[in-house]
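Participant: Got a file for you: final24.cif, mmCIF, C-alpha atoms.
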data_structure
loop_
_atom_site.label_atom_id
_atom_site.label_comp_id
_atom_site.auth_asym_id
_atom_site.auth_seq_id
_atom_site.Cartn_x
_atom_site.Cartn_y
_atom_site.Cartn_z
CA MET A 14 10.48 17.01 -12.83
CA LYS A 15 8.48 15.44 -10.05
CA ILE A 16 7.20 11.88 -10.19
CA ILE A 17 5.53 9.51 -7.80
CA LEU A 18 8.04 6.72 -7.14
CA ASN A 19 6.74 3.85 -5.02
CA ASN A 20 3.94 6.04 -3.63
CA LYS A 21 6.30 8.91 -2.68
CA GLU A 22 6.88 12.15 -4.53
CA GLU A 23 10.47 12.49 -5.78
CA ALA A 24 12.18 15.21 -7.78
CA PHE A 25 14.73 14.60 -10.57
CA GLU A 26 16.86 16.90 -12.75
CA GLY A 27 15.59 17.46 -16.29
CA ASP A 28 12.13 16.86 -17.68
CA GLN A 29 12.43 13.18 -18.66
CA LEU A 30 14.40 10.03 -17.91
CA THR A 31 14.54 6.60 -19.47
CA ILE A 32 13.85 3.71 -17.11
CA ASN A 33 17.54 2.80 -17.09
CA GLU A 34 18.50 6.40 -16.24
CA LEU A 35 15.97 6.40 -13.42
CA LEU A 36 17.34 3.08 -12.08
CA GLN A 37 20.88 4.49 -12.23
CA ALA A 38 19.86 7.73 -10.50
CA LYS A 39 18.29 5.72 -7.68
CA ASN A 40 21.13 3.16 -7.56
CA PHE A 41 18.69 0.31 -8.15
CA THR A 42 20.84 -2.59 -9.32
CA PHE A 43 18.49 -5.47 -8.63
CA LYS A 44 18.15 -8.41 -10.97
CA MET A 45 14.48 -9.38 -10.89
CA LEU A 46 12.62 -6.12 -11.29
CA VAL A 47 9.04 -5.26 -12.07
CA ILE A 48 8.52 -1.71 -13.25
CA LYS A 49 5.16 -0.11 -13.85
CA VAL A 50 4.74 3.37 -15.31
CA ASN A 51 1.21 4.70 -14.94
CA ASN A 52 0.12 1.15 -14.22
CA GLN A 53 1.61 -0.35 -17.40
CA ILE A 54 4.34 -2.96 -16.97
CA VAL A 55 7.52 -1.97 -18.82
CA LYS A 56 9.40 -4.87 -20.43
CA LYS A 57 13.13 -5.18 -19.80
CA THR A 58 13.82 -4.61 -23.50
CA GLU A 59 12.10 -1.22 -23.22
CA TYR A 60 14.16 0.17 -20.31
CA ASP A 61 16.17 2.38 -22.71
CA SER A 62 13.17 3.55 -24.74
CA VAL A 63 10.31 4.11 -22.30
CA LEU A 64 10.42 7.60 -20.82
CA VAL A 65 9.36 8.76 -17.38
CA LYS A 66 7.96 12.30 -17.42
CA ASN A 67 6.75 14.88 -14.95
CA GLY A 68 3.72 13.64 -13.01
CA ASP A 69 4.19 9.95 -13.86
CA ASP A 70 3.41 7.26 -11.30
CA VAL A 71 6.26 4.74 -11.19
CA MET A 72 6.39 1.49 -9.24
CA VAL A 73 9.68 -0.34 -8.86
CA LEU A 74 9.35 -3.76 -7.26
CA HIS A 75 12.30 -6.03 -6.59
CA LEU A 76 11.18 -9.65 -6.66
CA ILE A 77 13.16 -11.82 -4.24
CA SER A 78 12.99 -15.47 -3.21
CA GLY A 79 10.81 -16.66 -0.35
CA GLY A 80 7.36 -18.05 -0.01
CA MET B 10 -19.89 -5.84 10.99
CA THR B 11 -20.59 -8.87 13.20
CA PHE B 12 -18.78 -12.14 12.55
CA GLU B 13 -22.10 -13.64 11.39
CA HIS B 14 -22.42 -10.92 8.76
CA ILE B 15 -18.76 -11.34 7.76
CA LYS B 16 -19.27 -15.09 7.31
CA GLN B 17 -22.38 -14.48 5.18
CA ILE B 18 -20.32 -12.38 2.77
CA LEU B 19 -17.20 -14.54 2.78
CA LYS B 20 -18.99 -17.83 2.15
CA THR B 21 -19.93 -16.56 -1.32
CA LYS B 22 -16.30 -15.76 -2.19
CA THR B 23 -13.54 -17.72 -3.92
CA VAL B 24 -9.86 -17.05 -3.27
CA GLY B 25 -7.10 -18.53 -5.42
CA ILE B 26 -3.77 -19.38 -3.81
CA ALA B 27 -0.79 -20.05 -6.07
CA GLY B 28 1.74 -22.14 -4.15
CA CYS B 29 1.20 -24.04 -0.89
CA GLY B 30 4.46 -23.48 0.94
CA GLY B 31 4.94 -21.17 3.91
CA LEU B 32 2.86 -18.32 2.52
CA GLY B 33 0.17 -20.36 0.77
CA SER B 34 -0.52 -22.92 3.51
CA ASN B 35 -0.70 -20.33 6.31
CA CYS B 36 -2.75 -17.88 4.24
CA ALA B 37 -5.21 -20.67 3.33
CA VAL B 38 -5.62 -21.58 7.00
CA ALA B 39 -6.45 -17.98 7.95
CA LEU B 40 -8.98 -17.68 5.13
CA ALA B 41 -10.60 -21.03 5.99
CA ARG B 42 -10.89 -19.99 9.64
CA VAL B 43 -12.79 -16.81 8.81
CA GLY B 44 -15.10 -18.68 6.45
CA VAL B 45 -14.10 -17.95 2.84
CA GLY B 46 -16.39 -20.23 0.83
CA ARG B 47 -13.97 -21.68 -1.68
CA LEU B 48 -10.20 -21.89 -1.89
CA VAL B 49 -8.44 -22.86 -5.11
CA VAL B 50 -4.96 -24.12 -4.24
CA ALA B 51 -2.12 -25.29 -6.50
CA ASP B 52 1.32 -26.76 -5.82
CA PHE B 53 3.30 -29.62 -7.37
CA ASP B 54 5.43 -30.37 -4.33
CA LEU B 55 5.37 -32.96 -1.53
CA VAL B 56 5.51 -32.19 2.19
CA GLN B 57 9.10 -32.56 3.44
CA GLU B 58 10.51 -32.51 6.94
CA GLY B 59 12.35 -29.27 6.20
CA ASN B 60 9.02 -27.53 5.48
CA LEU B 61 7.70 -28.00 9.02
CA ASN B 62 9.62 -25.02 10.44
CA ARG B 63 7.11 -22.70 8.76
CA GLN B 64 4.51 -24.45 6.63
CA PHE B 65 1.10 -25.57 7.93
CA TYR B 66 1.69 -29.32 7.72
CA PHE B 67 2.26 -32.06 10.28
CA TYR B 68 5.02 -34.58 10.80
CA ASP B 69 2.73 -37.46 9.80
CA GLN B 70 2.01 -35.74 6.47
CA ILE B 71 5.61 -35.96 5.21
CA GLY B 72 5.58 -37.42 1.70
CA MET B 73 1.99 -36.35 0.93
CA LEU B 74 1.18 -33.93 -1.86
CA LYS B 75 1.02 -30.49 -0.27
CA VAL B 76 -2.36 -29.75 -1.84
CA ALA B 77 -3.82 -33.00 -0.44
CA ALA B 78 -2.34 -32.42 3.02
CA LEU B 79 -3.54 -28.81 3.01
CA LYS B 80 -7.07 -29.83 2.03
CA GLN B 81 -7.08 -32.31 4.93
CA ASN B 82 -5.92 -29.65 7.37
CA LEU B 83 -8.40 -27.03 6.12
CA PHE B 84 -11.31 -29.48 6.55
CA ARG B 85 -10.19 -30.20 10.11
CA ILE B 86 -10.49 -26.47 10.82
CA ASN B 87 -13.63 -25.74 8.83
CA PRO B 88 -15.56 -28.60 7.22
CA ASP B 89 -17.68 -26.12 5.25
CA VAL B 90 -14.82 -24.72 3.18
CA ARG B 91 -14.70 -26.04 -0.39
CA VAL B 92 -11.17 -26.68 -1.61
CA ASN B 93 -10.22 -27.20 -5.26
CA THR B 94 -6.72 -28.66 -5.56
CA PHE B 95 -4.34 -28.71 -8.52
CA ASP B 96 -1.11 -30.70 -8.14
CA ILE B 97 0.67 -29.00 -11.01
CA ARG B 98 3.58 -26.67 -11.65
CA LEU B 99 1.65 -23.58 -12.71
CA CYS B 100 2.30 -21.82 -16.01
CA GLN B 101 0.59 -18.69 -17.33
CA SER B 102 -2.20 -20.53 -19.16
CA ASP B 103 -2.96 -22.58 -16.01
CA ILE B 104 -3.16 -19.41 -13.97
CA ILE B 105 -5.63 -17.83 -16.35
CA GLU B 106 -7.73 -20.99 -16.41
CA ILE B 107 -7.58 -21.97 -12.73
CA TYR B 108 -7.78 -18.52 -11.15
CA GLY B 109 -9.86 -16.71 -13.79
CA LYS B 110 -13.04 -17.08 -11.72
CA CYS B 111 -11.55 -16.27 -8.31
CA ASP B 112 -12.47 -13.03 -6.56
CA VAL B 113 -8.86 -12.48 -5.44
CA ILE B 114 -5.56 -14.23 -6.23
CA VAL B 115 -2.81 -14.77 -3.66
CA GLU B 116 0.74 -15.22 -4.95
CA ALA B 117 2.58 -17.62 -2.66
CA PHE B 118 5.49 -18.84 -4.76
CA ASP B 119 9.05 -19.24 -3.58
CA LYS B 120 11.06 -18.33 -6.68
CA PRO B 121 11.22 -14.76 -8.00
CA GLU B 122 10.81 -16.02 -11.60
CA MET B 123 7.47 -17.58 -10.62
CA LYS B 124 6.43 -14.37 -8.85
CA TYR B 125 7.15 -12.48 -12.05
CA MET B 126 5.27 -15.06 -14.11
CA ILE B 127 2.02 -14.73 -12.14
CA LEU B 128 2.26 -10.95 -11.89
CA ASP B 129 2.71 -10.72 -15.67
CA ALA B 130 -0.15 -13.19 -16.35
CA VAL B 131 -2.62 -11.45 -14.04
CA HIS B 132 -1.63 -7.97 -15.23
CA HIS B 133 -2.08 -8.83 -18.91
CA TYR B 134 -4.81 -11.47 -18.95
CA LEU B 135 -6.81 -10.97 -15.73
CA PRO B 136 -6.47 -7.19 -15.27
CA GLU B 137 -9.71 -6.93 -13.31
CA LYS B 138 -8.36 -9.24 -10.56
CA PHE B 139 -6.65 -8.20 -7.37
CA LEU B 140 -3.29 -9.94 -6.88
CA VAL B 141 -1.82 -10.10 -3.36
CA MET B 142 1.90 -10.89 -3.40
CA GLY B 143 4.39 -11.82 -0.68
CA VAL B 144 7.84 -10.32 -1.21
CA GLY B 145 10.59 -10.52 1.42
CA MET B 146 10.13 -12.54 4.60
CA ALA B 147 13.32 -14.51 5.28
CA GLY B 148 15.17 -14.40 8.60
CA TRP B 149 13.86 -13.27 11.98
CA GLY B 150 13.24 -10.08 13.96
CA ASP B 151 12.82 -6.66 12.36
CA ASN B 152 9.05 -6.64 12.85
CA ASN B 153 8.76 -3.02 11.77
CA LEU B 154 10.39 -3.67 8.41
CA ILE B 155 7.42 -5.76 7.30
CA LYS B 156 4.77 -3.69 5.53
CA SER B 157 2.35 -3.65 2.65
CA ARG B 158 1.74 -1.32 -0.26
CA GLN B 159 -0.64 -1.11 -3.17
CA SER B 160 -0.33 -0.15 -6.83
CA ASP B 161 -3.77 -0.29 -8.44
CA LYS B 162 -4.92 -3.94 -8.12
CA LEU B 163 -1.52 -5.21 -7.00
CA ILE B 164 -0.88 -5.49 -3.28
CA ILE B 165 2.62 -6.32 -2.02
CA CYS B 166 3.18 -7.65 1.51
CA GLY B 167 6.62 -8.19 3.04
CA ASP B 168 9.85 -6.36 3.75
CA GLU B 169 10.85 -6.38 0.03
CA ILE B 170 14.45 -6.81 1.20
CA ASN B 171 15.23 -10.17 2.79
CA ALA B 172 15.63 -12.95 0.23
CA ILE B 173 16.30 -16.53 1.27
CA ALA B 174 19.95 -17.45 1.76
CA ASP B 175 21.83 -20.17 3.64
CA ASP B 176 22.33 -17.84 6.59
CA CYS B 177 18.92 -16.17 6.18
CA PRO B 178 16.40 -19.02 6.08
CA PRO B 179 12.63 -18.62 6.01
CA LEU B 180 11.20 -19.27 9.50
CA ALA B 181 7.68 -19.62 10.88
CA PRO B 182 7.28 -16.18 12.54
CA ARG B 183 8.14 -13.85 9.63
CA VAL B 184 6.67 -16.17 6.99
CA GLY B 185 3.50 -16.44 9.09
CA ILE B 186 3.31 -12.67 9.50
CA VAL B 187 3.46 -12.09 5.73
CA ALA B 188 1.04 -14.97 5.00
CA ASN B 189 -1.47 -13.53 7.45
CA MET B 190 -0.87 -10.03 6.09
CA GLN B 191 -1.82 -11.39 2.67
CA ALA B 192 -4.97 -12.98 4.16
CA ASN B 193 -5.73 -9.65 5.86
CA ALA B 194 -5.38 -7.81 2.53
CA VAL B 195 -7.74 -10.36 0.95
CA LEU B 196 -10.34 -9.61 3.64
CA GLU B 197 -10.04 -5.89 3.02
CA ILE B 198 -10.70 -6.49 -0.68
CA LEU B 199 -13.65 -8.83 -0.02
CA LEU B 200 -15.26 -6.95 2.88
CA GLY B 201 -14.14 -3.37 2.27
CA THR B 202 -12.51 -1.17 4.89
CA ASN B 203 -13.89 -1.66 8.39
CA GLU B 204 -15.52 1.65 9.25
CA TYR B 205 -15.77 0.68 12.93
CA GLN B 206 -12.04 0.18 13.23
CA ILE B 207 -9.57 2.90 14.26
CA HIS B 208 -7.28 3.57 11.30
CA THR B 209 -4.82 6.13 12.64
CA GLU B 210 -2.10 5.73 15.23
CA ASN B 211 -3.20 8.52 17.56
#
Could you render the structure as C-alpha coordinates?
Facilitator:
Amino acid sequence: MKIILNNKEEAFEGDQLTINELLQAKNFTFKMLVIKVNNQIVKKTEYDSVLVKNGDDVMVLHLISGG
Amino acid sequence: MTFEHIKQILKTKTVGIAGCGGLGSNCAVALARVGVGRLVVADFDLVQEGNLNRQFYFYDQIGMLKVAALKQNLFRINPDVRVNTFDIRLCQSDIIEIYGKCDVIVEAFDKPEMKYMILDAVHHYLPEKFLVMGVGMAGWGDNNLIKSRQSDKLIICGDEINAIADDCPPLAPRVGIVANMQANAVLEILLGTNEYQIHTEN
(Lines of atoms letter the chains of each structure in order from A and count residues from 1; the text may use other names and numbers.)
(Lines give C-alpha, C1' and ligand atoms only; values in the text may rest on other atoms or scores of the structure.)
Protein backbone atom coordinates (compact mmCIF):
# COMPACT_ATOMS: atom_id res chain seq x y z
CA MET A 1 0.00 0.00 0.00
CA LYS A 2 0.99 3.61 -0.46
CA ILE A 3 0.31 6.27 2.15
CA ILE A 4 1.26 9.88 2.64
CA LEU A 5 3.54 9.96 5.70
CA ASN A 6 4.55 13.44 6.85
CA ASN A 7 3.71 14.91 3.43
CA LYS A 8 5.74 12.28 1.52
CA GLU A 9 4.46 9.24 -0.33
CA GLU A 10 5.74 5.98 1.18
CA ALA A 11 5.09 2.36 0.26
CA PHE A 12 4.58 -0.48 2.77
CA GLU A 13 4.10 -4.25 2.43
CA GLY A 14 0.52 -5.48 2.82
CA ASP A 15 -2.70 -3.52 2.57
CA GLN A 16 -3.03 -2.30 6.17
CA LEU A 17 -0.99 -1.60 9.29
CA THR A 18 -1.88 -0.70 12.85
CA ILE A 19 -0.31 2.49 14.16
CA ASN A 20 2.10 0.46 16.30
CA GLU A 21 3.12 -1.65 13.27
CA LEU A 22 3.71 1.52 11.27
CA LEU A 23 5.83 3.01 14.09
CA GLN A 24 7.85 -0.21 14.26
CA ALA A 25 8.33 -0.33 10.49
CA LYS A 26 9.65 3.23 10.55
CA ASN A 27 11.71 2.69 13.74
CA PHE A 28 9.90 5.55 15.48
CA THR A 29 10.55 5.01 19.17
CA PHE A 30 9.78 8.48 20.48
CA LYS A 31 7.95 9.06 23.73
CA MET A 32 5.77 12.10 23.17
CA LEU A 33 4.07 11.45 19.85
CA VAL A 34 1.15 13.04 18.09
CA ILE A 35 -0.32 10.94 15.32
CA LYS A 36 -3.02 12.07 12.94
CA VAL A 37 -4.64 9.79 10.38
CA ASN A 38 -6.66 11.69 7.80
CA ASN A 39 -6.56 14.66 10.14
CA GLN A 40 -7.99 12.81 13.16
CA ILE A 41 -5.76 12.53 16.23
CA VAL A 42 -5.25 8.91 17.27
CA LYS A 43 -5.11 8.32 21.03
CA LYS A 44 -2.25 6.27 22.44
CA THR A 45 -4.72 3.61 23.61
CA GLU A 46 -5.80 3.14 19.98
CA TYR A 47 -2.35 2.50 18.47
CA ASP A 48 -3.09 -1.25 18.25
CA SER A 49 -6.63 -0.86 16.90
CA VAL A 50 -6.58 2.04 14.45
CA LEU A 51 -5.60 0.89 10.97
CA VAL A 52 -3.68 2.76 8.30
CA LYS A 53 -4.83 1.84 4.79
CA ASN A 54 -3.85 2.58 1.22
CA GLY A 55 -4.18 6.27 0.42
CA ASP A 56 -4.30 7.46 4.04
CA ASP A 57 -2.64 10.71 5.07
CA VAL A 58 -0.59 10.14 8.23
CA MET A 59 1.22 12.76 10.31
CA VAL A 60 3.71 11.67 12.94
CA LEU A 61 4.97 14.51 15.12
CA HIS A 62 7.49 14.03 17.89
CA LEU A 63 6.98 16.65 20.58
CA ILE A 64 10.23 17.68 22.25
CA SER A 65 11.17 20.23 24.89
CA GLY A 66 12.08 23.81 24.02
CA GLY A 67 10.25 27.06 23.79
CA MET B 1 0.77 44.84 -0.83
CA THR B 2 2.23 48.03 0.65
CA PHE B 3 3.09 48.18 4.34
CA GLU B 4 0.20 50.64 4.81
CA HIS B 5 -2.22 48.09 3.37
CA ILE B 6 -0.65 45.30 5.47
CA LYS B 7 -1.08 47.38 8.63
CA GLN B 8 -4.73 48.09 7.76
CA ILE B 9 -5.43 44.36 7.65
CA LEU B 10 -3.31 43.37 10.64
CA LYS B 11 -4.71 46.00 13.00
CA THR B 12 -8.07 44.20 12.87
CA LYS B 13 -6.50 40.86 13.87
CA THR B 14 -5.97 39.12 17.21
CA VAL B 15 -3.20 36.59 17.77
CA GLY B 16 -3.02 34.39 20.86
CA ILE B 17 0.39 33.39 22.21
CA ALA B 18 0.57 30.56 24.74
CA GLY B 19 3.78 30.91 26.73
CA CYS B 20 6.08 33.95 26.92
CA GLY B 21 9.52 32.37 26.96
CA GLY B 22 11.96 32.34 24.06
CA LEU B 23 9.40 31.56 21.39
CA GLY B 24 6.48 33.57 22.79
CA SER B 25 8.33 36.78 23.68
CA ASN B 26 10.21 36.97 20.36
CA CYS B 27 7.15 36.03 18.29
CA ALA B 28 5.08 38.70 20.09
CA VAL B 29 7.73 41.33 19.33
CA ALA B 30 7.70 40.50 15.61
CA LEU B 31 3.90 40.62 15.48
CA ALA B 32 3.76 43.92 17.39
CA ARG B 33 6.33 45.44 15.03
CA VAL B 34 4.28 44.64 11.93
CA GLY B 35 1.12 45.99 13.56
CA VAL B 36 -1.08 43.08 14.66
CA GLY B 37 -3.93 44.81 16.50
CA ARG B 38 -4.25 42.64 19.58
CA LEU B 39 -2.02 40.07 21.23
CA VAL B 40 -3.33 37.74 23.92
CA VAL B 41 -0.38 36.46 25.95
CA ALA B 42 -0.26 34.00 28.85
CA ASP B 43 2.53 32.76 31.12
CA PHE B 44 2.77 32.13 34.87
CA ASP B 45 6.52 32.62 35.16
CA LEU B 46 8.81 35.45 36.28
CA VAL B 47 11.73 36.86 34.28
CA GLN B 48 14.98 35.25 35.45
CA GLU B 49 18.58 36.05 34.63
CA GLY B 50 18.95 32.72 32.84
CA ASN B 51 16.18 33.70 30.39
CA LEU B 52 18.11 36.66 28.97
CA ASN B 53 20.23 34.51 26.62
CA ARG B 54 17.19 34.15 24.35
CA GLN B 55 14.01 35.75 25.66
CA PHE B 56 12.94 39.32 24.87
CA TYR B 57 13.40 40.78 28.34
CA PHE B 58 15.92 43.13 29.92
CA TYR B 59 18.24 42.84 32.89
CA ASP B 60 16.21 45.40 34.86
CA GLN B 61 13.06 43.28 34.38
CA ILE B 62 14.38 40.30 36.38
CA GLY B 63 11.74 39.30 38.92
CA MET B 64 8.80 40.79 36.98
CA LEU B 65 5.98 38.65 35.68
CA LYS B 66 6.88 37.76 32.09
CA VAL B 67 3.49 38.88 30.80
CA ALA B 68 3.86 42.29 32.49
CA ALA B 69 7.43 42.75 31.24
CA LEU B 70 6.42 41.67 27.74
CA LYS B 71 3.51 44.11 27.66
CA GLN B 72 5.91 46.90 28.67
CA ASN B 73 8.35 45.96 25.93
CA LEU B 74 5.65 45.63 23.26
CA PHE B 75 4.31 49.11 24.09
CA ARG B 76 7.82 50.56 23.78
CA ILE B 77 7.93 49.17 20.24
CA ASN B 78 4.36 49.91 19.20
CA PRO B 79 2.09 51.90 21.51
CA ASP B 80 -0.94 51.03 19.36
CA VAL B 81 -0.83 47.29 20.01
CA ARG B 82 -3.42 46.07 22.52
CA VAL B 83 -2.10 43.39 24.83
CA ASN B 84 -4.28 41.15 27.00
CA THR B 85 -2.22 39.38 29.66
CA PHE B 86 -2.99 36.27 31.69
CA ASP B 87 -0.54 35.30 34.44
CA ILE B 88 -1.75 31.74 34.73
CA ARG B 89 -0.56 28.20 34.07
CA LEU B 90 -2.80 27.36 31.14
CA CYS B 91 -5.05 24.30 31.12
CA GLN B 92 -7.36 23.15 28.32
CA SER B 93 -10.41 25.08 29.54
CA ASP B 94 -8.32 28.29 29.81
CA ILE B 95 -7.08 27.81 26.27
CA ILE B 96 -10.59 27.44 24.92
CA GLU B 97 -11.75 30.50 26.85
CA ILE B 98 -8.74 32.79 26.34
CA TYR B 99 -7.88 31.92 22.75
CA GLY B 100 -11.35 31.04 21.43
CA LYS B 101 -11.73 34.46 19.79
CA CYS B 102 -8.21 34.77 18.37
CA ASP B 103 -7.64 34.58 14.62
CA VAL B 104 -4.54 32.41 15.07
CA ILE B 105 -2.95 30.68 18.08
CA VAL B 106 0.80 30.40 18.59
CA GLU B 107 2.08 27.56 20.78
CA ALA B 108 5.17 28.73 22.65
CA PHE B 109 5.46 26.31 25.55
CA ASP B 110 8.64 24.71 26.77
CA LYS B 111 7.45 21.27 27.90
CA PRO B 112 6.29 18.62 25.44
CA GLU B 113 3.34 17.72 27.71
CA MET B 114 2.09 21.31 27.42
CA LYS B 115 2.59 21.25 23.64
CA TYR B 116 0.45 18.13 23.51
CA MET B 117 -2.16 19.71 25.77
CA ILE B 118 -2.71 22.76 23.55
CA LEU B 119 -2.62 20.73 20.33
CA ASP B 120 -5.27 18.38 21.73
CA ALA B 121 -7.43 21.28 23.01
CA VAL B 122 -7.32 23.23 19.75
CA HIS B 123 -7.84 20.11 17.61
CA HIS B 124 -10.92 19.00 19.55
CA TYR B 125 -12.50 22.22 20.80
CA LEU B 126 -11.30 24.96 18.43
CA PRO B 127 -10.98 22.98 15.16
CA GLU B 128 -11.52 26.06 13.01
CA LYS B 129 -8.39 27.76 14.43
CA PHE B 130 -4.92 27.67 12.99
CA LEU B 131 -2.30 26.55 15.53
CA VAL B 132 1.35 27.43 14.89
CA MET B 133 3.72 25.29 16.96
CA GLY B 134 7.45 25.47 17.65
CA VAL B 135 9.12 22.06 17.86
CA GLY B 136 12.91 21.64 18.06
CA MET B 137 15.21 24.64 18.41
CA ALA B 138 17.88 23.85 21.01
CA GLY B 139 21.60 24.22 20.36
CA TRP B 140 23.31 26.25 17.64
CA GLY B 141 24.24 26.01 13.96
CA ASP B 142 22.51 23.68 11.50
CA ASN B 143 20.51 26.50 9.89
CA ASN B 144 19.25 24.25 7.12
CA LEU B 145 17.73 21.75 9.54
CA ILE B 146 15.13 24.31 10.63
CA LYS B 147 11.96 24.13 8.55
CA SER B 148 8.20 24.28 8.70
CA ARG B 149 5.42 21.98 7.59
CA GLN B 150 1.65 22.01 7.63
CA SER B 151 -1.05 19.43 8.30
CA ASP B 152 -4.46 21.02 7.74
CA LYS B 153 -4.69 23.88 10.30
CA LEU B 154 -1.60 22.80 12.22
CA ILE B 155 1.71 24.41 11.29
CA ILE B 156 4.94 23.11 12.83
CA CYS B 157 8.11 25.23 12.84
CA GLY B 158 11.50 23.96 14.00
CA ASP B 159 13.96 21.15 13.38
CA GLU B 160 11.72 18.59 15.17
CA ILE B 161 14.92 16.95 16.43
CA ASN B 162 16.87 19.00 18.97
CA ALA B 163 15.33 18.87 22.44
CA ILE B 164 16.78 20.83 25.34
CA ALA B 165 19.53 19.07 27.29
CA ASP B 166 22.35 20.18 29.59
CA ASP B 167 24.79 20.13 26.69
CA CYS B 168 22.22 21.36 24.17
CA PRO B 169 20.74 24.52 25.69
CA PRO B 170 18.27 26.84 23.96
CA LEU B 171 20.12 29.94 22.68
CA ALA B 172 18.98 33.23 21.14
CA PRO B 173 19.79 32.54 17.46
CA ARG B 174 17.92 29.25 16.89
CA VAL B 175 15.11 30.11 19.31
CA GLY B 176 14.75 33.49 17.57
CA ILE B 177 14.70 31.85 14.14
CA VAL B 178 11.85 29.52 15.12
CA ALA B 179 9.94 32.30 16.95
CA ASN B 180 10.16 34.51 13.87
CA MET B 181 9.25 31.58 11.63
CA GLN B 182 6.10 31.19 13.72
CA ALA B 183 5.37 34.93 13.33
CA ASN B 184 5.98 34.57 9.59
CA ALA B 185 3.51 31.66 9.41
CA VAL B 186 0.97 33.81 11.29
CA LEU B 187 1.36 36.56 8.67
CA GLU B 188 0.82 34.08 5.86
CA ILE B 189 -2.41 32.96 7.52
CA LEU B 190 -3.61 36.52 8.16
CA LEU B 191 -2.51 38.13 4.88
CA GLY B 192 -2.51 35.17 2.48
CA THR B 193 0.39 34.25 0.24
CA ASN B 194 2.26 37.23 -1.17
CA GLU B 195 1.69 37.04 -4.92
CA TYR B 196 4.43 39.60 -5.57
CA GLN B 197 7.05 37.48 -3.87
CA ILE B 198 9.22 34.90 -5.65
CA HIS B 199 8.34 31.47 -4.25
CA THR B 200 10.76 29.14 -6.01
CA GLU B 201 14.50 28.82 -5.64
CA ASN B 202 15.42 29.30 -9.30
Participant: For the provided coordinates, the residues matched by the PyMOL selection byres ((chain B) within 6 of (chain A)) should be stated as a list of chain:residue names.
Facilitator: B:Gly31, B:Leu32, B:Ala117, B:Phe118, B:Asp119, B:Lys120, B:Pro121, B:Ala172, B:Ile173
Participant: Running the PyMOL selection byres ((chain B and resi 187-194) around 7) on this model by hand, what would come out? Give it as a list in words.
Facilitator: Leu32, Gly33, Asn35, Cys36, Ala39, Leu40, Val141, Gly143, Met146, Cys166, Gly167, Arg183, Val184, Gly185, Ile186, Val195, Leu196, Glu197 and Ile198 of chain B
Participant: Between atom CA of Asp52 of chain B and atom CA of Met142 of chain B, what is the spacing in Å?
Facilitator: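 Distance between the two atoms: 16.1 Å.
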Participant: Just to confirm, what's the straight-line distance from atom CA of Ile86 of chain B to atom CA of Val38 of chain B in Å (one decimal)?
Facilitator: 7.9 Å
Participant: Counting all atoms listed in the file, find residues at most 12 Å from (-15.0, -18.3, 6.6) (file frame) and give them as a ChimeraX atom specification.
Facilitator: /B:12-24,37-48,83-84,86-91,192,196,199-200
Participant: What is the distance between atom CA of Leu180 of chain B and atom CA of Asn82 of chain B, in Å to one decimal?
Facilitator: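 Interatomic distance, atom CA of Leu180 of chain B to atom CA of Asn82 of chain B: 20.1 Å.
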Participant: Give me the result of the PyMOL selection byres ((chain A and resi 31) around 8) on this file, residue by residue, as an mmCIF file with C-alpha atoms, in the coordinates of the input.
Facilitator:
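For reference, result-v8.cif as written:
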data_model
loop_
_atom_site.group_PDB
_atom_site.id
_atom_site.type_symbol
_atom_site.label_atom_id
_atom_site.label_comp_id
_atom_site.auth_asym_id
_atom_site.auth_seq_id
_atom_site.Cartn_x
_atom_site.Cartn_y
_atom_site.Cartn_z
ATOM 1 C CA GLN A 29 12.430 13.180 -18.660
ATOM 2 C CA LEU A 30 14.400 10.030 -17.910
ATOM 3 C CA ILE A 32 13.850 3.710 -17.110
ATOM 4 C CA ASN A 33 17.540 2.800 -17.090
ATOM 5 C CA GLU A 34 18.500 6.400 -16.240
ATOM 6 C CA LEU A 35 15.970 6.400 -13.420
ATOM 7 C CA TYR A 60 14.160 0.170 -20.310
ATOM 8 C CA ASP A 61 16.170 2.380 -22.710
ATOM 9 C CA SER A 62 13.170 3.550 -24.740
ATOM 10 C CA VAL A 63 10.310 4.110 -22.300
ATOM 11 C CA LEU A 64 10.420 7.600 -20.820
ATOM 12 C CA VAL A 65 9.360 8.760 -17.380
#
Participant: Fewer than 3 positions away in the same chain doesn't count, so skip those; otherwise give me all residues within 10 Å of Leu163 of chain B, counting all atoms listed in the file, as a ChimeraX atom specification.
Facilitator: /A:52 /B:114,128,131-132,136,138-142,158-160
Participant: Calculated over all atoms listed in the file, which of the candidates B:Gly59, B:Ile207, B:Gly30, B:Ile107 has the smallest distance to Ala78 of chain B?
Facilitator: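 Looking only at the distances to Ala78 of chain B, the closest residue turns out to be B:Gly30.
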Participant: Of the candidates B:Asp168, B:Thr209, B:Lys124, B:Gln64, which one gets nearest to Ile104 of chain B if we count only C-alpha atoms?
Facilitator: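 Nearest to Ile104 of chain B: B:Lys124.
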Participant: Fewer than 5 positions away in the same chain doesn't count, so skip those; otherwise give me all residues within 12 Å of Glu106 of chain B, counting only C-alpha atoms, as JSON, numbers by chain.
Facilitator: {"B": [25, 49, 95, 99, 100, 101, 111, 130, 131, 134, 135]}
Participant: Neighbouring residues of segment 65-73 of chain B were defined as those with any atom within 6 Å, considering only C-alpha atoms; residues of the same chain fewer than 6 positions away were excluded. Please report them as a PyMOL selection string.
Facilitator: chain B and resi 34-35+55-57
Participant: Quick one: of B:Asp129, B:Ala181, B:Asn203, B:Lys80, who's nearest to Ile48 of chain A, counting only C-alpha atoms?
Facilitator: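 Smallest separation from Ile48 of chain A among the options: B:Asp129.
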Participant: Quick one: 8 Å padding each side, axis-aligned, all listed atoms of segment 40-53 of chain A - centre and edge lengths in Å to one decimal, as AutoDock Vina command-line options?
Facilitator:
--center_x 10.6 --center_y -2.3 --center_z -12.5 --size_x 37.0 --size_y 30.1 --size_z 25.8
